[in-house]
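As provided, upload06.tsv (TSV, C-alpha atoms) reads as follows.
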```tsv
chain	number	residue	atom	x	y	z
A	1133	MET	CA	-5.63	23.93	10.05
A	1134	ILE	CA	-7.30	26.20	7.52
A	1135	LYS	CA	-6.11	29.56	6.30
A	1136	GLU	CA	-7.98	32.67	7.43
A	1137	ILE	CA	-11.37	32.21	5.83
A	1138	GLY	CA	-12.06	35.74	4.51
A	1139	TYR	CA	-15.39	36.82	3.02
A	1140	LEU	CA	-17.56	36.08	0.03
A	1141	LYS	CA	-19.26	39.01	-1.66
A	1142	GLU	CA	-22.10	36.89	-3.01
A	1143	ALA	CA	-23.34	33.30	-2.88
A	1144	ASN	CA	-26.03	31.81	-5.08
A	1145	ILE	CA	-27.39	28.50	-3.83
A	1146	ASN	CA	-29.23	26.50	-6.50
A	1147	ILE	CA	-31.10	23.33	-5.53
A	1148	LEU	CA	-30.61	21.15	-8.61
A	1149	ALA	CA	-32.33	18.03	-7.28
A	1150	GLU	CA	-34.21	17.26	-4.07
A	1151	ASP	CA	-37.04	14.94	-3.03
A	1152	THR	CA	-39.77	17.42	-3.98
A	1153	ILE	CA	-40.66	20.04	-6.57
A	1154	GLY	CA	-42.46	23.30	-5.93
A	1155	PHE	CA	-46.05	23.98	-6.99
A	1156	ASP	CA	-46.52	24.39	-10.75
A	1157	THR	CA	-42.89	23.86	-11.73
A	1158	PRO	CA	-41.52	21.62	-14.52
A	1159	PHE	CA	-38.60	20.19	-12.56
A	1160	ILE	CA	-37.91	16.53	-11.87
A	1161	GLY	CA	-37.58	15.69	-8.17
A	1162	ARG	CA	-35.64	12.66	-6.97
A	1163	PHE	CA	-34.83	11.34	-3.52
A	1164	GLY	CA	-31.56	12.91	-2.44
A	1165	LEU	CA	-29.84	16.24	-2.85
A	1166	SER	CA	-27.63	18.13	-5.28
A	1167	ILE	CA	-26.77	21.82	-5.04
A	1168	LEU	CA	-24.87	24.17	-7.33
A	1169	LEU	CA	-22.91	26.75	-5.34
A	1170	GLU	CA	-22.04	29.88	-7.32
A	1171	LEU	CA	-19.61	31.81	-5.16
A	1172	LYS	CA	-18.08	35.25	-5.73
A	1173	THR	CA	-15.51	37.43	-3.99
A	1174	GLU	CA	-14.47	40.90	-5.08
A	1175	THR	CA	-11.91	39.38	-7.45
A	1176	SER	CA	-12.85	35.77	-8.21
A	1177	GLU	CA	-15.69	33.36	-8.87
A	1178	LYS	CA	-16.00	29.60	-8.30
A	1179	HIS	CA	-18.74	27.08	-9.05
A	1180	ILE	CA	-18.92	23.97	-6.84
A	1181	LEU	CA	-21.27	21.02	-7.28
A	1182	TYR	CA	-22.33	19.92	-3.81
A	1183	ASP	CA	-23.49	16.27	-3.93
A	1184	THR	CA	-24.94	14.48	-6.95
A	1185	ASN	CA	-28.35	13.16	-5.84
A	1186	SER	CA	-29.38	9.55	-6.42
A	1187	ALA	CA	-29.23	9.98	-10.21
A	1188	SER	CA	-27.65	12.35	-12.71
A	1189	ALA	CA	-30.63	12.60	-15.10
A	1190	PRO	CA	-32.74	14.92	-12.88
A	1191	ILE	CA	-29.73	17.17	-12.31
A	1192	LEU	CA	-29.06	17.52	-16.04
A	1193	HIS	CA	-32.76	18.06	-16.80
A	1194	ASN	CA	-33.18	20.71	-14.12
A	1195	LEU	CA	-29.97	22.56	-14.98
A	1196	LYS	CA	-31.36	23.39	-18.42
A	1197	ILE	CA	-34.65	24.66	-17.03
A	1198	MET	CA	-32.84	26.82	-14.47
A	1199	GLY	CA	-30.58	28.29	-17.13
A	1200	LYS	CA	-27.53	26.80	-15.45
A	1201	SER	CA	-24.77	24.47	-16.62
A	1202	LEU	CA	-21.84	22.44	-15.37
A	1203	ASP	CA	-19.42	24.30	-17.64
A	1204	LYS	CA	-17.94	26.43	-14.85
A	1205	VAL	CA	-17.89	23.71	-12.17
A	1206	THR	CA	-14.33	23.34	-10.95
A	1207	THR	CA	-14.91	21.09	-7.93
A	1208	ILE	CA	-17.36	18.43	-6.77
A	1209	PHE	CA	-17.88	18.05	-3.02
A	1210	LEU	CA	-19.46	14.91	-1.53
A	1211	SER	CA	-21.01	15.41	1.89
A	1212	HIS	CA	-21.05	11.67	2.69
A	1213	CYS	CA	-21.21	8.28	1.01
A	1214	HIS	CA	-24.97	7.58	0.96
A	1215	TYR	CA	-26.36	6.78	-2.47
A	1216	ASP	CA	-28.93	9.58	-2.50
A	1217	HIS	CA	-26.00	12.04	-2.48
A	1218	THR	CA	-23.50	10.15	-4.64
A	1219	ASP	CA	-25.17	7.83	-7.19
A	1220	GLY	CA	-25.35	10.65	-9.72
A	1221	LEU	CA	-21.57	11.16	-9.68
A	1222	PHE	CA	-20.79	8.65	-12.44
A	1223	GLY	CA	-23.23	10.29	-14.86
A	1224	ILE	CA	-22.11	13.80	-13.95
A	1225	LEU	CA	-18.48	12.90	-14.64
A	1226	GLU	CA	-19.53	11.44	-17.99
A	1227	GLU	CA	-21.36	14.66	-18.83
A	1228	ILE	CA	-18.46	16.91	-17.84
A	1229	ASN	CA	-16.04	14.63	-19.70
A	1230	GLN	CA	-12.81	16.08	-18.36
A	1231	PRO	CA	-10.70	15.62	-15.22
A	1232	LEU	CA	-12.30	17.26	-12.19
A	1233	PRO	CA	-11.35	17.44	-8.49
A	1234	VAL	CA	-13.71	15.60	-6.12
A	1235	ILE	CA	-13.39	16.32	-2.40
A	1236	ALA	CA	-14.57	13.74	0.12
A	1237	HIS	CA	-13.65	11.95	3.36
A	1238	PRO	CA	-11.09	9.09	3.26
A	1239	GLU	CA	-13.81	6.63	4.37
A	1240	ILE	CA	-16.23	7.56	1.56
A	1241	PHE	CA	-15.76	4.16	-0.16
A	1242	ARG	CA	-16.32	1.99	2.92
A	1243	PRO	CA	-19.19	-0.54	2.91
A	1244	CYS	CA	-22.31	1.07	4.35
A	1245	PHE	CA	-25.55	-0.83	4.85
A	1246	GLU	CA	-28.79	-1.27	6.72
A	1247	ILE	CA	-29.86	-4.56	8.28
A	1248	ASN	CA	-33.61	-4.83	7.68
A	1249	PRO	CA	-36.13	-7.60	8.37
A	1250	ASP	CA	-36.05	-8.45	4.66
A	1251	GLY	CA	-32.26	-8.41	4.35
A	1252	VAL	CA	-29.14	-6.30	4.03
A	1253	ARG	CA	-29.42	-3.12	1.96
A	1254	HIS	CA	-26.31	-1.41	0.66
A	1255	ILE	CA	-26.66	2.40	0.77
A	1256	GLY	CA	-23.08	3.52	0.08
A	1257	MET	CA	-21.12	4.38	-3.06
A	1258	ALA	CA	-22.23	2.56	-6.21
A	1259	GLN	CA	-18.79	2.64	-7.85
A	1260	ASN	CA	-15.31	2.21	-6.44
A	1261	GLN	CA	-12.59	4.85	-6.58
A	1262	SER	CA	-10.89	3.39	-9.65
A	1263	GLN	CA	-14.10	3.31	-11.69
A	1264	LEU	CA	-14.79	6.96	-10.93
A	1265	GLU	CA	-11.20	7.98	-11.62
A	1266	GLN	CA	-11.54	6.38	-15.05
A	1267	LYS	CA	-14.37	8.85	-15.66
A	1268	GLY	CA	-12.18	11.82	-14.68
A	1269	ALA	CA	-12.52	12.12	-10.91
A	1270	ILE	CA	-9.38	13.41	-9.18
A	1271	PHE	CA	-10.01	12.59	-5.54
A	1272	THR	CA	-8.82	14.66	-2.61
A	1273	LEU	CA	-9.70	12.42	0.35
A	1274	THR	CA	-9.18	14.18	3.66
A	1275	SER	CA	-10.78	14.33	7.10
A	1276	ASP	CA	-9.40	17.85	7.60
A	1277	PRO	CA	-11.12	21.13	6.72
A	1278	LEU	CA	-10.05	22.41	3.32
A	1279	ASN	CA	-10.16	25.94	1.91
A	1280	LEU	CA	-12.15	25.98	-1.32
A	1281	MET	CA	-11.59	29.70	-1.98
A	1282	THR	CA	-11.68	32.93	-0.01
A	1283	GLY	CA	-14.86	32.77	2.09
A	1284	ALA	CA	-15.53	29.05	1.62
A	1285	VAL	CA	-14.20	26.01	3.45
A	1286	THR	CA	-15.16	22.36	3.93
A	1287	SER	CA	-15.90	21.29	7.49
A	1288	GLY	CA	-13.74	18.19	7.44
A	1289	GLU	CA	-14.75	15.52	9.93
A	1290	ILE	CA	-17.24	17.03	12.38
A	1291	GLU	CA	-16.57	16.70	16.10
A	1292	ARG	CA	-19.37	14.91	17.96
A	1293	ALA	CA	-19.89	17.01	21.08
A	1294	THR	CA	-23.57	16.72	22.02
A	1295	SER	CA	-25.08	13.79	23.92
A	1296	PHE	CA	-28.39	13.81	22.02
A	1297	GLU	CA	-27.19	13.61	18.41
A	1298	ILE	CA	-26.54	9.88	18.53
A	1299	LEU	CA	-25.46	7.39	15.87
A	1300	GLU	CA	-28.05	5.92	13.52
A	1301	ASP	CA	-28.78	2.21	13.02
A	1302	LEU	CA	-26.31	1.75	10.14
A	1303	TYR	CA	-23.41	-0.67	9.74
A	1304	THR	CA	-20.05	-1.16	8.05
A	1305	ILE	CA	-17.29	-3.79	7.94
A	1306	MET	CA	-14.11	-3.38	9.97
A	1307	ASP	CA	-11.43	-6.10	10.09
A	1308	GLY	CA	-13.98	-8.55	8.72
A	1309	ASN	CA	-16.52	-7.77	11.44
A	1310	VAL	CA	-19.90	-6.07	11.21
A	1311	VAL	CA	-19.79	-2.92	13.34
A	1312	GLN	CA	-21.89	0.19	13.76
A	1313	ASP	CA	-21.11	2.82	11.15
A	1314	HIS	CA	-19.98	6.03	12.85
A	1315	GLU	CA	-20.64	8.01	9.64
A	1316	SER	CA	-17.39	9.88	10.17
A	1317	ASP	CA	-17.50	11.06	6.55
A	1318	ASP	CA	-20.46	13.39	7.18
A	1319	ALA	CA	-19.32	16.90	6.26
A	1320	ALA	CA	-20.57	20.34	5.26
A	1321	VAL	CA	-19.47	23.36	3.26
A	1322	ILE	CA	-19.19	26.56	5.25
A	1323	LEU	CA	-19.51	29.96	3.56
A	1324	ASN	CA	-18.59	33.24	5.22
A	1325	LEU	CA	-20.35	36.48	4.34
A	1326	LYS	CA	-20.44	39.81	6.16
A	1327	GLU	CA	-23.78	38.67	7.63
A	1328	GLY	CA	-22.21	35.54	9.13
A	1329	LEU	CA	-21.69	31.87	8.27
A	1330	VAL	CA	-23.89	29.96	5.82
A	1331	ILE	CA	-23.71	26.21	6.51
A	1332	VAL	CA	-24.65	23.89	3.64
A	1333	THR	CA	-25.34	20.38	4.87
A	1334	GLY	CA	-26.31	17.23	3.00
A	1335	CYS	CA	-27.99	15.25	5.79
A	1336	ALA	CA	-26.29	16.49	8.98
A	1337	HIS	CA	-25.74	12.90	10.14
A	1338	ALA	CA	-23.25	14.34	12.64
A	1339	GLY	CA	-26.09	16.48	13.99
A	1340	ILE	CA	-26.88	20.06	13.03
A	1341	VAL	CA	-25.92	21.33	16.50
A	1342	ASN	CA	-22.55	19.56	16.28
A	1343	THR	CA	-22.14	20.97	12.78
A	1344	MET	CA	-22.86	24.51	13.94
A	1345	LYS	CA	-20.45	24.21	16.86
A	1346	HIS	CA	-17.76	22.79	14.58
A	1347	ALA	CA	-18.25	25.53	11.96
A	1348	LYS	CA	-17.72	28.21	14.60
A	1349	LYS	CA	-14.66	26.45	15.97
A	1350	ILE	CA	-12.77	26.02	12.70
A	1351	THR	CA	-13.61	29.46	11.26
A	1352	GLY	CA	-13.43	31.56	14.42
A	1353	VAL	CA	-16.76	33.14	13.42
A	1354	ASP	CA	-19.52	33.03	16.04
A	1355	LYS	CA	-22.44	34.30	13.94
A	1356	ILE	CA	-24.42	31.78	11.88
A	1357	HIS	CA	-26.51	33.54	9.26
A	1358	ALA	CA	-28.14	30.52	7.59
A	1359	VAL	CA	-28.39	26.74	7.53
A	1360	ILE	CA	-29.31	25.05	4.24
A	1361	GLY	CA	-30.00	21.38	3.44
A	1362	GLY	CA	-31.13	18.18	5.12
A	1363	LEU	CA	-31.24	18.01	8.93
A	1364	HIS	CA	-32.15	14.31	9.30
A	1365	PHE	CA	-34.96	14.62	11.81
A	1366	MET	CA	-36.67	11.59	10.24
A	1367	ASP	CA	-36.66	8.71	12.75
A	1368	ALA	CA	-34.72	10.91	15.20
A	1369	SER	CA	-35.36	10.92	18.94
A	1370	GLU	CA	-37.68	13.48	20.46
A	1371	GLU	CA	-34.75	14.88	22.42
A	1372	LYS	CA	-32.67	15.40	19.29
A	1373	ILE	CA	-35.48	17.13	17.40
A	1374	THR	CA	-36.50	19.39	20.29
A	1375	LYS	CA	-32.98	20.47	21.24
A	1376	SER	CA	-31.88	20.92	17.62
A	1377	ILE	CA	-34.85	23.12	16.75
A	1378	GLU	CA	-34.20	25.19	19.86
A	1379	ALA	CA	-30.52	25.55	18.93
A	1380	LEU	CA	-31.57	26.90	15.52
A	1381	SER	CA	-32.97	29.96	17.32
A	1382	GLU	CA	-29.57	31.65	16.94
A	1383	VAL	CA	-29.68	31.30	13.14
A	1384	ASP	CA	-31.14	34.08	10.95
A	1385	TRP	CA	-32.41	31.77	8.21
A	1386	ILE	CA	-33.28	28.06	8.05
A	1387	PHE	CA	-33.73	26.55	4.58
A	1388	ALA	CA	-34.42	22.85	5.10
A	1389	GLY	CA	-35.69	19.87	3.15
A	1390	HIS	CA	-34.77	16.33	2.08
A	1391	CYS	CA	-34.29	14.12	5.17
A	1392	THR	CA	-35.62	16.73	7.60
A	1393	GLY	CA	-39.01	15.05	7.10
A	1394	PHE	CA	-42.51	16.50	7.07
A	1395	ASP	CA	-42.91	16.55	10.84
A	1396	GLY	CA	-39.48	18.10	11.32
A	1397	LEU	CA	-40.25	20.80	8.77
A	1398	ARG	CA	-43.61	21.48	10.41
A	1399	ARG	CA	-42.03	21.85	13.82
A	1400	ILE	CA	-39.29	24.15	12.54
A	1401	ALA	CA	-41.95	26.31	10.89
A	1402	ASN	CA	-44.02	26.43	14.08
A	1403	LYS	CA	-41.01	27.46	16.15
A	1404	HIS	CA	-39.19	29.79	13.78
A	1405	GLY	CA	-41.94	31.20	11.55
A	1406	ASP	CA	-40.86	33.50	8.74
A	1407	LYS	CA	-37.16	32.79	9.09
A	1408	PHE	CA	-37.81	29.24	7.86
A	1409	ALA	CA	-38.48	28.20	4.26
A	1410	ARG	CA	-38.68	24.75	2.70
A	1411	ILE	CA	-36.33	24.02	-0.17
A	1412	HIS	CA	-37.51	22.20	-3.29
A	1413	THR	CA	-35.90	21.15	-6.55
A	1414	GLY	CA	-35.43	24.42	-8.46
A	1415	SER	CA	-35.18	26.63	-5.38
A	1416	MET	CA	-32.66	29.47	-5.62
A	1417	ILE	CA	-31.32	31.43	-2.65
A	1418	GLN	CA	-29.12	34.46	-3.18
A	1419	PHE	CA	-26.93	35.90	-0.45
A	1420	PRO	CA	-27.02	38.65	0.64
A	1421	ILE	CA	-30.80	38.25	0.88
A	1422	GLU	CA	-32.32	41.42	-0.57
A	1423	ASP	CA	-36.00	40.74	0.18
A	1424	PRO	CA	-36.54	39.09	3.59
A	1425	SER	CA	-40.21	38.58	2.76
A	1426	ASN	CA	-39.26	36.35	-0.19
A	1427	PRO	CA	-35.85	34.76	0.45
A	1428	ILE	CA	-36.30	31.83	-1.96
A	1429	SER	CA	-37.05	32.18	-5.66
A	1430	THR	CA	-37.46	29.82	-8.62
A	1431	ILE	CA	-37.81	30.24	-12.37
A	1432	PRO	CA	-40.43	32.78	-13.53
A	1433	THR	CA	-43.84	31.67	-14.78
A	1434	VAL	CA	-43.02	32.38	-18.41
A	1435	ASP	CA	-40.09	29.95	-18.22
A	1436	ARG	CA	-42.31	27.32	-16.62
A	1437	ASP	CA	-44.66	27.48	-19.60
A	1438	VAL	CA	-41.77	27.18	-22.06
A	1439	HIS	CA	-40.79	23.91	-20.42
A	1440	ARG	CA	-44.26	22.39	-20.24
A	1441	SER	CA	-44.26	19.08	-22.08
A	1442	TYR	CA	-47.43	18.21	-23.98
A	1443	ARG	CA	-46.28	14.91	-25.42
A	1444	GLU	CA	-44.74	13.08	-22.49
```

Conversion result in structure tokens:
Amino acid sequence: MIKEIGYLKEANINILAEDTIGFDTPFIGRFGLSILLELKTETSEKHILYDTNSASAPILHNLKIMGKSLDKVTTIFLSHCHYDHTDGLFGILEEINQPLPVIAHPEIFRPCFEINPDGVRHIGMAQNQSQLEQKGAIFTLTSDPLNLMTGAVTSGEIERATSFEILEDLYTIMDGNVVQDHESDDAAVILNLKEGLVIVTGCAHAGIVNTMKHAKKITGVDKIHAVIGGLHFMDASEEKITKSIEALSEVDWIFAGHCTGFDGLRRIANKHGDKFARIHTGSMIQFPIEDPSNPISTIPTVDRDVHRSYRE
């Protein structure tokens, strides 16, 4: 049970690291996702690091170019265990160099792997809980929603309600047996503004439709203003992609990237037109959106030239 969610006055969403970079920008892209959430109410401000990509180096490089820092980060949130969202955690904790709360699901440290023709591939956490705690992590491991501040809450474990958002071909170990991984740790951060909910998702392994339904249920807010992050349409069934894209019709803005995949992004753009924009490393989205014709920004050209490297 969460407290009444309340409202944010402003939310700045900064894509610190993603698979791609935008045209003519000096950022470093890396498979995965990391987002800096700068959240404000009328009386308070909180900075949350959402996921840590597959490495810390691109995050630290891109922070400097974006004029951002980790100095005000008070919480790290991990959307799920997969390495492209968590491998950077060790390096980030080293950089911060002080105790810091990390919020995740109780199953975040379970074994998680693929079984491929050329062998087993581990895709879960690179370090165990003790190793990360030695670097300063203070874990809050819960499957329940958790209030982060007024106007912001974690989803907790997302209820699987649809028939078409099915489990992926991933595995874990339970009681010594290899079993299908239910990816119960998949979670989102939900922001509430006067315009409606903004859902920030890492990969939406639980399904974006399930995530939207769950966000409405736990907040009591029916309006979804925006969805941001990966939607995992890569290797998804035709039914899942078609029904998910149709369900996004109720959303004002769709800012997708990472595991959504090229074809998924193309189909969202074809269906939803100007209310869709692709996120890249270095993308910045400010809510409330002041200019609907240009909802995503990045660093100005003059800053890009400052960070050009002639000797690398």

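The environment of A:Gln1230 within 9 Å, counting all atoms listed in the file and disregarding residues fewer than 4 places along the same chain, consists of Leu1225, Glu1226, Lys1267, Gly1268 and Ala1269 of chain A.
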
(message) Here is a test: counting all atoms listed in the file, which residue of A:Ala1187, A:Leu1181, A:Val1383, A:Ile1153 is nearest to A:Lys1407?
(response) A:Val1383

For stretch 1319-1338 of chain A against stretch 1277-1294 of chain A, with a cut-off of 6 Å and counting only C-alpha atoms, what is the closest atom pair and its distance in Å to one decimal for every residue that makes the cut, ordered by chain and number, as a tab-separated table?
```
residue	atom	partner	partner_atom	distance
A:Ala1319	CA	A:Ser1287	CA	5.7
A:Ala1320	CA	A:Ser1287	CA	5.3
A:Val1321	CA	A:Thr1286	CA	4.5
A:Ile1322	CA	A:Val1285	CA	5.3
A:Leu1323	CA	A:Ala1284	CA	4.5
A:Asn1324	CA	A:Gly1283	CA	4.9
```

Serialized selection, C-alpha atoms, as a PDB file, keeping the file's coordinate frame:
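The file below, selection-v2.pdb, is the result:
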```
ATOM      1  CA  ALA A1319     -19.320  16.900   6.260  1.00  0.00           C
ATOM      2  CA  ALA A1320     -20.570  20.340   5.260  1.00  0.00           C
ATOM      3  CA  VAL A1321     -19.470  23.360   3.260  1.00  0.00           C
ATOM      4  CA  ILE A1322     -19.190  26.560   5.250  1.00  0.00           C
ATOM      5  CA  LEU A1323     -19.510  29.960   3.560  1.00  0.00           C
ATOM      6  CA  ASN A1324     -18.590  33.240   5.220  1.00  0.00           C
TER       7      ASN A1324
END
```

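If you look at atom CA of A:His1439 and atom CA of A:Phe1408, they are 28.9 Å away from each other.
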
Could you pull the residues within 8 Å of A:Thr1184, counting all atoms listed in the file, minus those fewer than 3 positions along the same chain, as a PDB file with C-alpha atoms, keeping the file's coordinate frame?
```
ATOM      1  CA  LEU A1165     -29.840  16.240  -2.850  1.00  0.00           C
ATOM      2  CA  SER A1166     -27.630  18.130  -5.280  1.00  0.00           C
ATOM      3  CA  ILE A1167     -26.770  21.820  -5.040  1.00  0.00           C
ATOM      4  CA  LEU A1181     -21.270  21.020  -7.280  1.00  0.00           C
ATOM      5  CA  ALA A1187     -29.230   9.980 -10.210  1.00  0.00           C
ATOM      6  CA  SER A1188     -27.650  12.350 -12.710  1.00  0.00           C
ATOM      7  CA  ILE A1191     -29.730  17.170 -12.310  1.00  0.00           C
ATOM      8  CA  LEU A1210     -19.460  14.910  -1.530  1.00  0.00           C
ATOM      9  CA  ASP A1216     -28.930   9.580  -2.500  1.00  0.00           C
ATOM     10  CA  HIS A1217     -26.000  12.040  -2.480  1.00  0.00           C
ATOM     11  CA  THR A1218     -23.500  10.150  -4.640  1.00  0.00           C
ATOM     12  CA  ASP A1219     -25.170   7.830  -7.190  1.00  0.00           C
ATOM     13  CA  GLY A1220     -25.350  10.650  -9.720  1.00  0.00           C
ATOM     14  CA  LEU A1221     -21.570  11.160  -9.680  1.00  0.00           C
ATOM     15  CA  ILE A1224     -22.110  13.800 -13.950  1.00  0.00           C
TER      16      ILE A1224
END
```

(request) For atom CA of A:Val1330 and atom CA of A:Thr1157, quote the distance in Å rounded to one decimal. (result) 26.6 Å

(request) Report the distance between atom CA of A:Met1198 and atom CA of A:Thr1430 in Å, rounded to one decimal place. (result) 8.0 Å

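Distance annotation: of A:Asp1276, A:Glu1174, A:Glu1136, A:Glu1142, the residue with the minimal separation from A:Glu1422 is A:Glu1142; atom set is all atoms listed in the file.
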
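Excluding A:Gly1352 itself and any same-chain residue fewer than 6 positions from it, the protein and nucleic acid residues within 12 Å of it, counting all atoms listed in the file, are A:Met1133, A:Ile1134, A:Lys1135, A:Glu1136, A:Ile1137, A:Gly1138, A:Ile1322, A:Asn1324, A:Gly1328, A:Leu1329, A:Met1344, A:Lys1345, A:His1346.
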
Box centre and edge lengths (Å, one decimal), axis-aligned, stretch 1137-1146 of chain A plus 4 Å each side, as AutoDock Vina command-line options:
```
--center_x -20.3 --center_y 32.8 --center_z -0.3 --size_x 25.9 --size_y 20.5 --size_z 20.3
```

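Counting all atoms listed in the file and comparing A:Leu1264, A:Val1353, A:Ile1240, A:Ile1331, the residue that lies closest to A:Phe1222 is A:Leu1264.
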
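Here the question is which of A:Ala1258, A:Ile1377, A:Ala1358, A:Cys1244 gets nearest to A:His1314 using only C-alpha atoms, and that residue is A:Cys1244.
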
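Using all atoms listed in the file, the shortest contact distance between A:His1193 and any of A:Ser1429, A:Thr1333, A:Thr1413, A:Thr1175 is found at A:Thr1413.
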
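Closest approach to A:Leu1380 among A:Val1341, A:Ile1160, A:Leu1363, A:Ala1347 is made by A:Val1341 (distances from all atoms listed in the file).
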
(request) Write out as a PyMOL selection string each polymer residue whose atoms come within 8 Å of A:Lys1172, counting all atoms listed in the file; drop sequence neighbours fewer than 4 positions from it. (result) chain A and resi 1140-1143+1176-1178

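Excluding A:His1237 itself and same-chain residues fewer than 6 positions from it, the residues having an atom within 7 Å of it are A:Leu1273, A:Thr1274, A:Ser1275, A:Asp1317, counting only C-alpha atoms.
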
Atoms are missing here; could stretch 1359-1375 of chain A be completed with N, CA and C atoms and written as an mmCIF file, keeping the file's coordinate frame?
```
data_model
loop_
_atom_site.group_PDB
_atom_site.id
_atom_site.type_symbol
_atom_site.label_atom_id
_atom_site.label_comp_id
_atom_site.auth_asym_id
_atom_site.auth_seq_id
_atom_site.Cartn_x
_atom_site.Cartn_y
_atom_site.Cartn_z
ATOM 1 N N VAL A 1359 -28.626 28.181 7.662
ATOM 2 C CA VAL A 1359 -28.390 26.740 7.530
ATOM 3 C C VAL A 1359 -29.237 26.269 6.354
ATOM 4 N N ILE A 1360 -28.621 25.498 5.456
ATOM 5 C CA ILE A 1360 -29.310 25.050 4.240
ATOM 6 C C ILE A 1360 -29.072 23.550 4.059
ATOM 7 N N GLY A 1361 -30.158 22.785 3.800
ATOM 8 C CA GLY A 1361 -30.000 21.380 3.440
ATOM 9 C C GLY A 1361 -30.865 20.447 4.264
ATOM 10 N N GLY A 1362 -30.416 19.201 4.348
ATOM 11 C CA GLY A 1362 -31.130 18.180 5.120
ATOM 12 C C GLY A 1362 -30.648 18.159 6.557
ATOM 13 N N LEU A 1363 -31.576 17.997 7.500
ATOM 14 C CA LEU A 1363 -31.240 18.010 8.930
ATOM 15 C C LEU A 1363 -31.472 16.653 9.592
ATOM 16 N N HIS A 1364 -31.943 15.698 8.859
ATOM 17 C CA HIS A 1364 -32.150 14.310 9.300
ATOM 18 C C HIS A 1364 -32.891 14.196 10.637
ATOM 19 N N PHE A 1365 -34.070 14.801 10.661
ATOM 20 C CA PHE A 1365 -34.960 14.620 11.810
ATOM 21 C C PHE A 1365 -35.874 13.407 11.618
ATOM 22 N N MET A 1366 -35.863 12.800 10.450
ATOM 23 C CA MET A 1366 -36.670 11.590 10.240
ATOM 24 C C MET A 1366 -36.126 10.465 11.117
ATOM 25 N N ASP A 1367 -37.008 9.821 11.856
ATOM 26 C CA ASP A 1367 -36.660 8.710 12.750
ATOM 27 C C ASP A 1367 -35.705 9.127 13.866
ATOM 28 N N ALA A 1368 -35.589 10.431 14.115
ATOM 29 C CA ALA A 1368 -34.720 10.910 15.200
ATOM 30 C C ALA A 1368 -35.480 10.898 16.522
ATOM 31 N N SER A 1369 -34.736 10.915 17.622
ATOM 32 C CA SER A 1369 -35.360 10.920 18.940
ATOM 33 C C SER A 1369 -36.037 12.265 19.195
ATOM 34 N N GLU A 1370 -37.000 12.245 20.082
ATOM 35 C CA GLU A 1370 -37.680 13.480 20.460
ATOM 36 C C GLU A 1370 -36.700 14.486 21.048
ATOM 37 N N GLU A 1371 -35.741 13.994 21.820
ATOM 38 C CA GLU A 1371 -34.750 14.880 22.420
ATOM 39 C C GLU A 1371 -33.914 15.576 21.345
ATOM 40 N N LYS A 1372 -33.485 14.809 20.357
ATOM 41 C CA LYS A 1372 -32.670 15.400 19.290
ATOM 42 C C LYS A 1372 -33.458 16.472 18.539
ATOM 43 N N ILE A 1373 -34.689 16.178 18.176
ATOM 44 C CA ILE A 1373 -35.480 17.130 17.400
ATOM 45 C C ILE A 1373 -35.736 18.395 18.209
ATOM 46 N N THR A 1374 -36.164 18.228 19.449
ATOM 47 C CA THR A 1374 -36.500 19.390 20.290
ATOM 48 C C THR A 1374 -35.284 20.268 20.534
ATOM 49 N N LYS A 1375 -34.170 19.674 20.915
ATOM 50 C CA LYS A 1375 -32.980 20.470 21.240
ATOM 51 C C LYS A 1375 -32.351 21.082 19.982
#
```
